[in-house]
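File shown: run19.cif (mmCIF, C-alpha atoms and all ligand atoms).
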```cif
data_start
loop_
_atom_site.label_atom_id
_atom_site.label_comp_id
_atom_site.auth_asym_id
_atom_site.auth_seq_id
_atom_site.Cartn_x
_atom_site.Cartn_y
_atom_site.Cartn_z
CA MET A 1 4.56 28.35 -14.60
CA ASP A 2 1.73 26.12 -13.33
CA LEU A 3 2.17 25.39 -9.63
CA TYR A 4 0.93 22.46 -7.54
CA CYS A 5 1.68 21.33 -4.02
CA VAL A 6 1.00 18.70 -1.41
CA MET A 7 -0.35 20.19 1.80
CA GLY A 8 -0.25 18.34 5.09
CA ASN A 9 1.04 18.33 8.65
CA PRO A 10 3.48 16.66 8.80
CA VAL A 11 4.43 16.75 5.14
CA GLU A 12 8.20 16.44 4.98
CA HIS A 13 7.95 12.65 4.49
CA SER A 14 5.71 13.02 1.40
CA ARG A 15 6.88 11.34 -1.81
CA SER A 16 4.35 13.31 -3.90
CA PRO A 17 6.78 16.05 -5.07
CA TRP A 18 9.14 13.42 -6.49
CA ILE A 19 6.29 11.39 -8.07
CA HIS A 20 4.71 14.42 -9.77
CA ALA A 21 8.08 15.75 -10.94
CA ARG A 22 8.71 12.37 -12.61
CA PHE A 23 5.20 12.34 -14.14
CA ALA A 24 5.85 15.84 -15.55
CA GLU A 25 9.26 14.84 -16.95
CA LEU A 26 7.91 11.70 -18.59
CA THR A 27 4.89 13.45 -20.12
CA GLY A 28 6.73 16.67 -21.11
CA GLN A 29 4.47 18.84 -18.93
CA ALA A 30 5.85 22.15 -17.63
CA LEU A 31 4.92 22.50 -13.96
CA ARG A 32 6.37 22.90 -10.50
CA TYR A 33 5.20 20.83 -7.52
CA GLU A 34 6.02 21.89 -3.95
CA ARG A 35 5.66 20.58 -0.42
CA ARG A 36 3.70 22.86 1.95
CA LEU A 37 3.35 22.49 5.71
CA ALA A 38 0.02 23.97 6.90
CA PRO A 39 -0.81 24.72 10.54
CA VAL A 40 -3.30 22.14 11.87
CA ASP A 41 -5.97 24.83 12.34
CA GLY A 42 -5.09 26.83 9.23
CA PHE A 43 -5.71 24.76 6.12
CA ALA A 44 -7.95 27.23 4.24
CA ALA A 45 -5.57 30.13 4.95
CA ALA A 46 -2.61 28.02 3.78
CA VAL A 47 -4.38 27.22 0.50
CA ALA A 48 -5.24 30.91 0.00
CA GLY A 49 -1.61 31.83 0.76
CA PHE A 50 -0.30 29.30 -1.76
CA ARG A 51 -2.55 30.75 -4.46
CA ALA A 52 -1.75 34.38 -3.61
CA GLU A 53 2.03 33.78 -3.52
CA ALA A 54 1.91 32.09 -6.90
CA LEU A 55 -0.01 35.00 -8.39
CA ALA A 56 2.41 37.56 -6.90
CA ALA A 57 5.32 35.68 -8.50
CA GLY A 58 3.63 35.67 -11.90
CA ASP A 59 2.81 31.96 -11.66
CA ARG A 60 -0.54 30.22 -11.43
CA ALA A 61 -1.52 27.80 -8.66
CA ARG A 62 -3.51 25.07 -10.40
CA GLY A 63 -4.07 22.44 -7.76
CA CYS A 64 -3.13 20.77 -4.53
CA ASN A 65 -2.87 17.30 -3.05
CA VAL A 66 -4.17 17.05 0.48
CA THR A 67 -2.87 14.69 3.11
CA VAL A 68 -3.30 14.06 6.84
CA PRO A 69 -5.00 15.76 8.69
CA PHE A 70 -6.73 17.99 6.13
CA LYS A 71 -8.85 15.70 3.93
CA LEU A 72 -12.08 16.73 5.68
CA ASP A 73 -11.14 20.45 5.64
CA ALA A 74 -10.48 20.13 1.91
CA ALA A 75 -13.98 18.70 1.35
CA THR A 76 -15.43 21.78 3.10
CA LEU A 77 -13.22 24.19 1.17
CA ALA A 78 -14.16 22.87 -2.28
CA ASP A 79 -16.97 24.63 -4.16
CA ARG A 80 -18.07 21.30 -5.65
CA LEU A 81 -17.19 17.66 -5.16
CA THR A 82 -16.94 14.70 -7.50
CA PRO A 83 -19.47 11.95 -6.59
CA ARG A 84 -16.72 9.75 -5.15
CA ALA A 85 -15.40 12.58 -2.96
CA ARG A 86 -18.95 13.30 -1.74
CA LEU A 87 -19.45 9.64 -0.84
CA ALA A 88 -16.10 9.48 0.95
CA GLY A 89 -16.69 12.82 2.71
CA ALA A 90 -12.98 13.45 2.18
CA VAL A 91 -10.86 15.12 -0.50
CA ASN A 92 -7.24 14.44 -1.40
CA VAL A 93 -7.14 16.43 -4.67
CA LEU A 94 -8.12 20.07 -5.19
CA ASP A 95 -8.35 21.44 -8.69
CA PHE A 96 -8.36 25.24 -8.90
CA ALA A 97 -10.59 25.48 -11.96
CA ALA A 98 -11.73 28.73 -13.56
CA ASP A 99 -15.29 28.17 -12.29
CA GLY A 100 -14.34 27.31 -8.70
CA VAL A 101 -12.45 24.74 -6.63
CA LEU A 102 -13.23 21.10 -7.45
CA GLY A 103 -12.59 18.48 -4.76
CA ASP A 104 -11.89 14.88 -5.72
CA ASN A 105 -10.83 11.72 -3.93
CA SER A 106 -8.39 9.59 -5.91
CA ASP A 107 -7.40 7.21 -3.08
CA GLY A 108 -9.97 4.55 -4.00
CA VAL A 109 -9.38 4.50 -7.74
CA GLY A 110 -5.66 4.46 -6.96
CA LEU A 111 -6.06 1.41 -4.76
CA VAL A 112 -8.25 -0.36 -7.33
CA ALA A 113 -5.71 0.36 -10.10
CA ASP A 114 -2.93 -1.07 -7.94
CA ILE A 115 -4.86 -4.23 -7.02
CA VAL A 116 -6.33 -4.93 -10.45
CA HIS A 117 -3.63 -3.71 -12.85
CA ASN A 118 -0.36 -3.77 -10.88
CA ALA A 119 -1.00 -6.83 -8.73
CA GLY A 120 -3.23 -8.50 -11.36
CA VAL A 121 -5.91 -9.50 -8.84
CA PRO A 122 -9.57 -9.05 -9.85
CA VAL A 123 -11.83 -7.46 -7.26
CA ALA A 124 -14.92 -8.55 -9.22
CA GLY A 125 -16.45 -11.60 -7.55
CA ALA A 126 -13.96 -11.55 -4.66
CA ASP A 127 -14.62 -11.80 -0.94
CA LEU A 128 -12.88 -8.75 0.48
CA LEU A 129 -12.02 -7.79 4.05
CA LEU A 130 -11.42 -4.06 4.54
CA ILE A 131 -9.92 -3.21 7.93
CA GLY A 132 -10.40 0.32 9.28
CA ALA A 133 -13.14 2.93 9.12
CA GLY A 134 -11.14 6.17 9.11
CA GLY A 135 -10.54 8.57 6.24
CA ALA A 136 -8.60 6.07 4.13
CA ALA A 137 -11.25 3.35 4.38
CA ALA A 138 -13.97 5.92 3.60
CA GLY A 139 -12.07 6.89 0.45
CA VAL A 140 -11.55 3.37 -0.88
CA LEU A 141 -14.84 1.63 -0.01
CA GLY A 142 -16.90 3.15 -2.85
CA PRO A 143 -14.45 2.43 -5.69
CA LEU A 144 -13.95 -1.13 -4.34
CA LEU A 145 -17.73 -1.74 -4.37
CA GLU A 146 -17.93 -0.41 -7.94
CA GLN A 147 -15.70 -3.33 -8.96
CA ARG A 148 -18.56 -5.70 -8.01
CA PRO A 149 -16.92 -7.87 -5.34
CA ARG A 150 -19.06 -10.75 -4.05
CA ARG A 151 -19.00 -9.19 -0.60
CA VAL A 152 -17.09 -6.72 1.52
CA VAL A 153 -16.72 -7.06 5.28
CA LEU A 154 -15.73 -3.74 6.83
CA ALA A 155 -14.02 -4.45 10.15
CA ASN A 156 -13.04 -1.76 12.62
CA ARG A 157 -11.89 -1.52 16.21
CA THR A 158 -14.84 0.82 16.88
CA LEU A 159 -17.85 -0.98 15.40
CA ALA A 160 -20.07 2.12 15.26
CA LYS A 161 -17.75 3.80 12.74
CA ALA A 162 -17.82 0.76 10.45
CA GLU A 163 -21.63 0.61 10.74
CA TRP A 164 -21.88 4.27 9.80
CA LEU A 165 -19.73 3.76 6.67
CA VAL A 166 -21.74 0.68 5.72
CA ARG A 167 -25.01 2.64 5.97
CA ARG A 168 -23.54 5.40 3.81
CA HIS A 169 -22.52 2.88 1.12
CA ALA A 170 -25.53 0.55 1.29
CA ASP A 171 -27.19 1.82 -1.90
CA LEU A 172 -23.94 1.67 -3.88
CA ALA A 173 -23.31 -1.90 -2.69
CA MET A 174 -26.80 -2.95 -3.71
CA ALA A 175 -26.48 -1.24 -7.11
CA HIS A 176 -23.34 -3.28 -7.77
CA GLY A 177 -24.65 -6.57 -6.40
CA ALA A 178 -22.10 -6.64 -3.58
CA GLY A 179 -22.78 -7.82 -0.03
CA LEU A 180 -21.64 -5.31 2.59
CA GLU A 181 -21.49 -5.78 6.35
CA ALA A 182 -19.81 -4.17 9.34
CA ARG A 183 -17.97 -6.15 11.96
CA ALA A 184 -15.99 -5.34 15.10
CA LEU A 185 -12.34 -6.36 14.95
CA ASP A 186 -12.64 -8.28 18.21
CA ALA A 187 -15.52 -10.33 16.72
CA PHE A 188 -12.89 -12.26 14.74
CA GLY A 189 -11.59 -13.82 17.97
CA ALA A 190 -8.56 -16.08 17.79
CA ALA A 191 -9.68 -17.86 14.64
CA THR A 192 -12.42 -17.69 12.07
CA ASP A 193 -13.73 -19.90 9.30
CA ASP A 194 -14.44 -16.80 7.32
CA GLY A 195 -11.70 -16.58 4.67
CA PHE A 196 -11.14 -13.79 2.13
CA ASP A 197 -9.50 -13.48 -1.29
CA ILE A 198 -8.35 -9.92 -0.59
CA VAL A 199 -7.51 -8.37 2.78
CA VAL A 200 -6.85 -4.62 2.81
CA ASN A 201 -5.51 -3.03 5.97
CA ALA A 202 -6.66 0.59 5.81
CA SER A 203 -6.29 1.05 9.57
CA ALA A 204 -3.39 2.64 11.36
CA SER A 205 -2.69 -0.63 13.23
CA SER A 206 0.75 -1.02 11.64
CA LEU A 207 1.89 2.22 13.28
CA SER A 208 1.77 0.48 16.66
CA GLY A 209 4.13 -2.20 15.34
CA ALA A 210 1.48 -4.93 15.48
CA ALA A 211 1.57 -7.48 12.65
CA ALA A 212 -2.14 -7.56 11.84
CA PRO A 213 -5.31 -6.82 13.80
CA VAL A 214 -7.07 -10.01 12.57
CA PRO A 215 -6.28 -13.75 12.84
CA SER A 216 -4.41 -15.35 9.95
CA SER A 217 -7.43 -17.57 9.22
CA VAL A 218 -8.95 -14.62 7.30
CA LEU A 219 -6.36 -15.32 4.59
CA ARG A 220 -7.40 -17.87 1.98
CA PRO A 221 -4.38 -19.59 0.39
CA GLY A 222 -2.79 -17.13 -2.06
CA ALA A 223 -4.97 -14.24 -0.87
CA LEU A 224 -3.77 -10.72 -1.58
CA ALA A 225 -2.93 -8.99 1.70
CA LEU A 226 -2.35 -5.27 1.21
CA ASP A 227 -1.44 -2.67 3.83
CA LEU A 228 -2.02 0.93 2.80
CA MET A 229 1.19 1.81 4.62
CA TYR A 230 4.62 1.45 3.05
CA GLY A 231 8.20 1.53 4.24
CA PRO A 232 9.22 0.18 7.65
CA ALA A 233 5.71 0.75 9.08
CA ALA A 234 4.26 -1.93 6.79
CA ALA A 235 6.96 -4.53 7.49
CA GLY A 236 5.11 -6.40 10.26
CA PHE A 237 1.91 -6.80 8.23
CA LEU A 238 3.80 -7.90 5.10
CA ALA A 239 5.81 -10.50 7.05
CA TRP A 240 2.59 -11.79 8.68
CA ALA A 241 0.95 -12.14 5.24
CA ALA A 242 3.91 -13.99 3.71
CA GLU A 243 4.21 -16.28 6.72
CA HIS A 244 0.58 -17.37 6.28
CA GLY A 245 0.65 -18.11 2.57
CA ALA A 246 -0.75 -14.80 1.31
CA ARG A 247 0.65 -12.40 -1.30
CA PRO A 248 1.93 -9.37 0.60
CA ARG A 249 1.66 -5.90 -0.92
CA ASP A 250 2.35 -2.47 0.56
CA GLY A 251 0.68 0.88 -0.14
CA LEU A 252 3.34 2.30 -2.45
CA GLY A 253 1.45 1.27 -5.60
CA MET A 254 -1.71 2.95 -4.33
CA LEU A 255 0.29 6.09 -3.55
CA VAL A 256 1.62 6.31 -7.12
CA GLU A 257 -1.75 5.39 -8.69
CA GLN A 258 -3.73 7.98 -6.68
CA ALA A 259 -1.12 10.54 -7.76
CA ALA A 260 -1.55 9.44 -11.39
CA GLN A 261 -5.30 10.05 -11.11
CA ALA A 262 -4.67 13.55 -9.75
CA PHE A 263 -2.21 14.24 -12.56
CA LEU A 264 -4.79 13.09 -15.11
CA LEU A 265 -7.42 15.40 -13.60
CA TRP A 266 -5.06 18.39 -13.57
CA ARG A 267 -3.22 17.92 -16.86
CA GLY A 268 -5.52 15.73 -18.96
CA VAL A 269 -2.61 13.34 -19.50
CA ARG A 270 -2.24 9.84 -18.02
CA PRO A 271 1.32 9.32 -16.77
CA LEU A 272 3.25 6.06 -16.91
CA SER A 273 2.50 5.08 -13.33
CA GLY A 274 4.01 1.58 -13.62
CA GLN A 275 7.41 2.96 -14.58
CA VAL A 276 7.33 5.57 -11.82
CA LEU A 277 6.29 2.94 -9.24
CA ALA A 278 9.24 0.74 -10.25
CA GLU A 279 11.62 3.70 -10.02
CA LEU A 280 10.25 4.71 -6.62
CA ARG A 281 10.63 1.17 -5.25
CA GLU A 282 14.23 1.17 -6.40
CA ARG A 283 14.87 4.59 -4.83
CA LEU A 284 13.42 3.50 -1.51
CA GLY A 285 15.39 0.26 -1.58
P1 LIG A 301 -7.58 7.71 10.45
O1 LIG A 301 -8.69 8.46 9.80
O2 LIG A 301 -6.88 8.29 11.63
O3 LIG A 301 -8.19 6.27 10.87
C1 LIG A 301 -7.43 5.34 11.57
C2 LIG A 301 -8.11 3.97 11.54
O4 LIG A 301 -7.21 3.01 12.08
C3 LIG A 301 -9.39 3.90 12.36
O5 LIG A 301 -10.28 3.01 11.72
C4 LIG A 301 -8.88 3.32 13.69
O6 LIG A 301 -9.87 2.61 14.41
C5 LIG A 301 -7.84 2.35 13.18
N1 LIG A 301 -6.79 2.03 14.15
C6 LIG A 301 -5.89 2.87 14.71
N2 LIG A 301 -5.06 2.17 15.51
C7 LIG A 301 -5.44 0.87 15.45
C8 LIG A 301 -4.96 -0.33 16.07
N3 LIG A 301 -3.92 -0.33 16.89
N4 LIG A 301 -5.60 -1.49 15.78
C9 LIG A 301 -6.65 -1.51 14.93
N5 LIG A 301 -7.15 -0.40 14.32
C10 LIG A 301 -6.55 0.78 14.59
O7 LIG A 301 -6.41 7.38 9.42
P2 LIG A 301 -6.61 7.17 7.82
O8 LIG A 301 -6.55 8.50 7.14
O9 LIG A 301 -7.79 6.32 7.61
O10 LIG A 301 -5.26 6.41 7.42
C11 LIG A 301 -5.02 5.04 7.74
C12 LIG A 301 -3.66 4.65 7.18
O11 LIG A 301 -3.71 4.56 5.76
C13 LIG A 301 -2.60 5.69 7.52
O12 LIG A 301 -1.57 5.05 8.20
C14 LIG A 301 -2.13 6.25 6.19
O13 LIG A 301 -0.74 6.41 6.17
C15 LIG A 301 -2.55 5.16 5.20
N6 LIG A 301 -2.87 5.75 3.86
C16 LIG A 301 -2.11 5.37 2.79
C17 LIG A 301 -2.40 5.89 1.52
C18 LIG A 301 -1.56 5.50 0.31
O14 LIG A 301 -1.62 6.17 -0.71
N7 LIG A 301 -0.81 4.42 0.39
C19 LIG A 301 -3.46 6.78 1.35
C20 LIG A 301 -4.23 7.13 2.46
C21 LIG A 301 -3.91 6.61 3.72
P3 LIG A 301 -10.91 3.37 15.38
O15 LIG A 301 -12.00 3.89 14.49
O16 LIG A 301 -11.38 2.33 16.31
O17 LIG A 301 -10.13 4.48 16.06
#
```

Could you write out this file's structure as structure tokens?
Amino acid sequence: MDLYCVMGNPVEHSRSPWIHARFAELTGQALRYERRLAPVDGFAAAVAGFRAEALAAGDRARGCNVTVPFKLDAATLADRLTPRARLAGAVNVLDFAADGVLGDNSDGVGLVADIVHNAGVPVAGADLLLIGAGGAAAGVLGPLLEQRPRRVVLANRTLAKAEWLVRRHADLAMAHGAGLEARALDAFGAATDDGFDIVVNASASSLSGAAAPVPSSVLRPGALALDLMYGPAAAGFLAWAAEHGARPRDGLGMLVEQAAQAFLLWRGVRPLSGQVLAELRERLG
């Protein structure tokens, strides 16, 4: 049996085992996908243990999804990285290939697939506000720029982190004809004339129960306002977006689409992500 897992700490909340089990069912792939809690200082040992246990049981560990707080550890552990994982400096997919461990980052392509295909909103030519400069923002900035937006403003509470990400992505932005600038969150003040077609909250602001870390004037009428969070944590941001005439969207679509990209890398088969997203929404009520 081919074995996969999601490794994180905490990990019990992860929907990945259910998503990948559904992908496997729908595509007729024989595999098992587990949930693994790794000690915060023991990611590499946990990966080695997963592989050794599989071997001892006569199975074969083929890959692993990586979640908080191990995406940087996973980038170090991989023998080689895909270009998008190298740019992000973070890995959420490990592929245990015959010639070594490949590290990929599917968060950004997952987000783009959700915005463009599921929500039907083109990123090309759009003015986009990306809030946050942590691991999630680092993973999605490159794939968003590759869509050729008109410009991306990267806003973060700590300006220096946004500036660092902007420097790292400057060449990519130029190659795709996209403007890219860093801004401090408090530079938005109470109101701004600077409106956006797409606002993506990739910060952890929703965890503190706040609605949104920017004034509602950033939302052009009908703008897409997407929080990478989902479930109760995203409720404040989604209500804020709806109240101000935007189209609210949570991070569930991105979650399913990044999983679909991992599944494609591992199995060479593209699963029906739209169907699985609809089923997951129904399951979660
Ligand atoms: P992270 O690396 O810890 O970064 C956290 C970011 O949030 C930083 O930019 C931080 O700003 C900012 N922040 C924290 N509290 C804030 C507040 N009260 N107001 C404004 N900004 C605040 O976390 P991450 O890995 O980037 O993850 C961010 C979120 O995305 C997580 O909640 C995660 O669940 C979600 N996510 C969802 C998916 C999905 O598939 N849907 C995938 C990946 C991540 P400073 O730099 O100033 O500290």

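For Arg157 in chain A, the list of residues within 8 Å, based on only C-alpha atoms and with local chain neighbours fewer than 3 positions off taken out, reads Gly132, Ala184, Leu185 and Asp186 of chain A.
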
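Distances to Ala44 in chain A were evaluated for A:Gly245, A:Gly110, A:Gly8, A:Gly134 using all atoms listed in the file, and the minimum falls at A:Gly8.
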
Any idea what's packed within 8 Å of Arg35 in chain A, counting all atoms listed in the file, ignoring anything in its chain fewer than 6 positions away? Could you give it as a CSV table (one decimal) with C-alpha atoms, keeping the file's coordinate frame?
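Done, and the output landed in result28.csv:
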```
chain,number,residue,atom,x,y,z
A,5,CYS,CA,1.7,21.3,-4.0
A,6,VAL,CA,1.0,18.7,-1.4
A,7,MET,CA,-0.4,20.2,1.8
A,11,VAL,CA,4.4,16.8,5.1
A,12,GLU,CA,8.2,16.4,5.0
A,14,SER,CA,5.7,13.0,1.4
A,17,PRO,CA,6.8,16.0,-5.1
```

Margin query: Any residue with an atom at most 9 Å from ligand LIG 301 (chain A) counts, using only C-alpha atoms and all ligand atoms. Which are they? Put them as a PyMOL selection string.
Written below: chain A and resi 67-69+71+92+107-108+110-111+131-140+155-162+185+201-210+212-214+227-230+233+250-259

Margin query: Just to confirm, what's the straight-line distance from CA of Gly222 in chain A to CA of Val152 in chain A in Å (one decimal)?
Written below: 18.0 Å

Next item on the list: Could you jot down the CA of Gln275 in chain A to CA of Thr27 in chain A separation for me, Å, one decimal place?
Entry: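 Going from CA of Gln275 in chain A over to CA of Thr27 in chain A covers 12.1 Å.
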
Notebook entry, point to check: What does the distance between CA of His20 in chain A and CA of Ser273 in chain A come to in Å, to one decimal place?
Noted result: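 Separation of CA of His20 in chain A and CA of Ser273 in chain A: 10.2 Å.
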
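The smallest atom-to-atom distance between Ala239 in chain A and any of A:Ala223, A:Ile115, A:Ala211, A:Ala74, using only C-alpha atoms, is found for A:Ala211.
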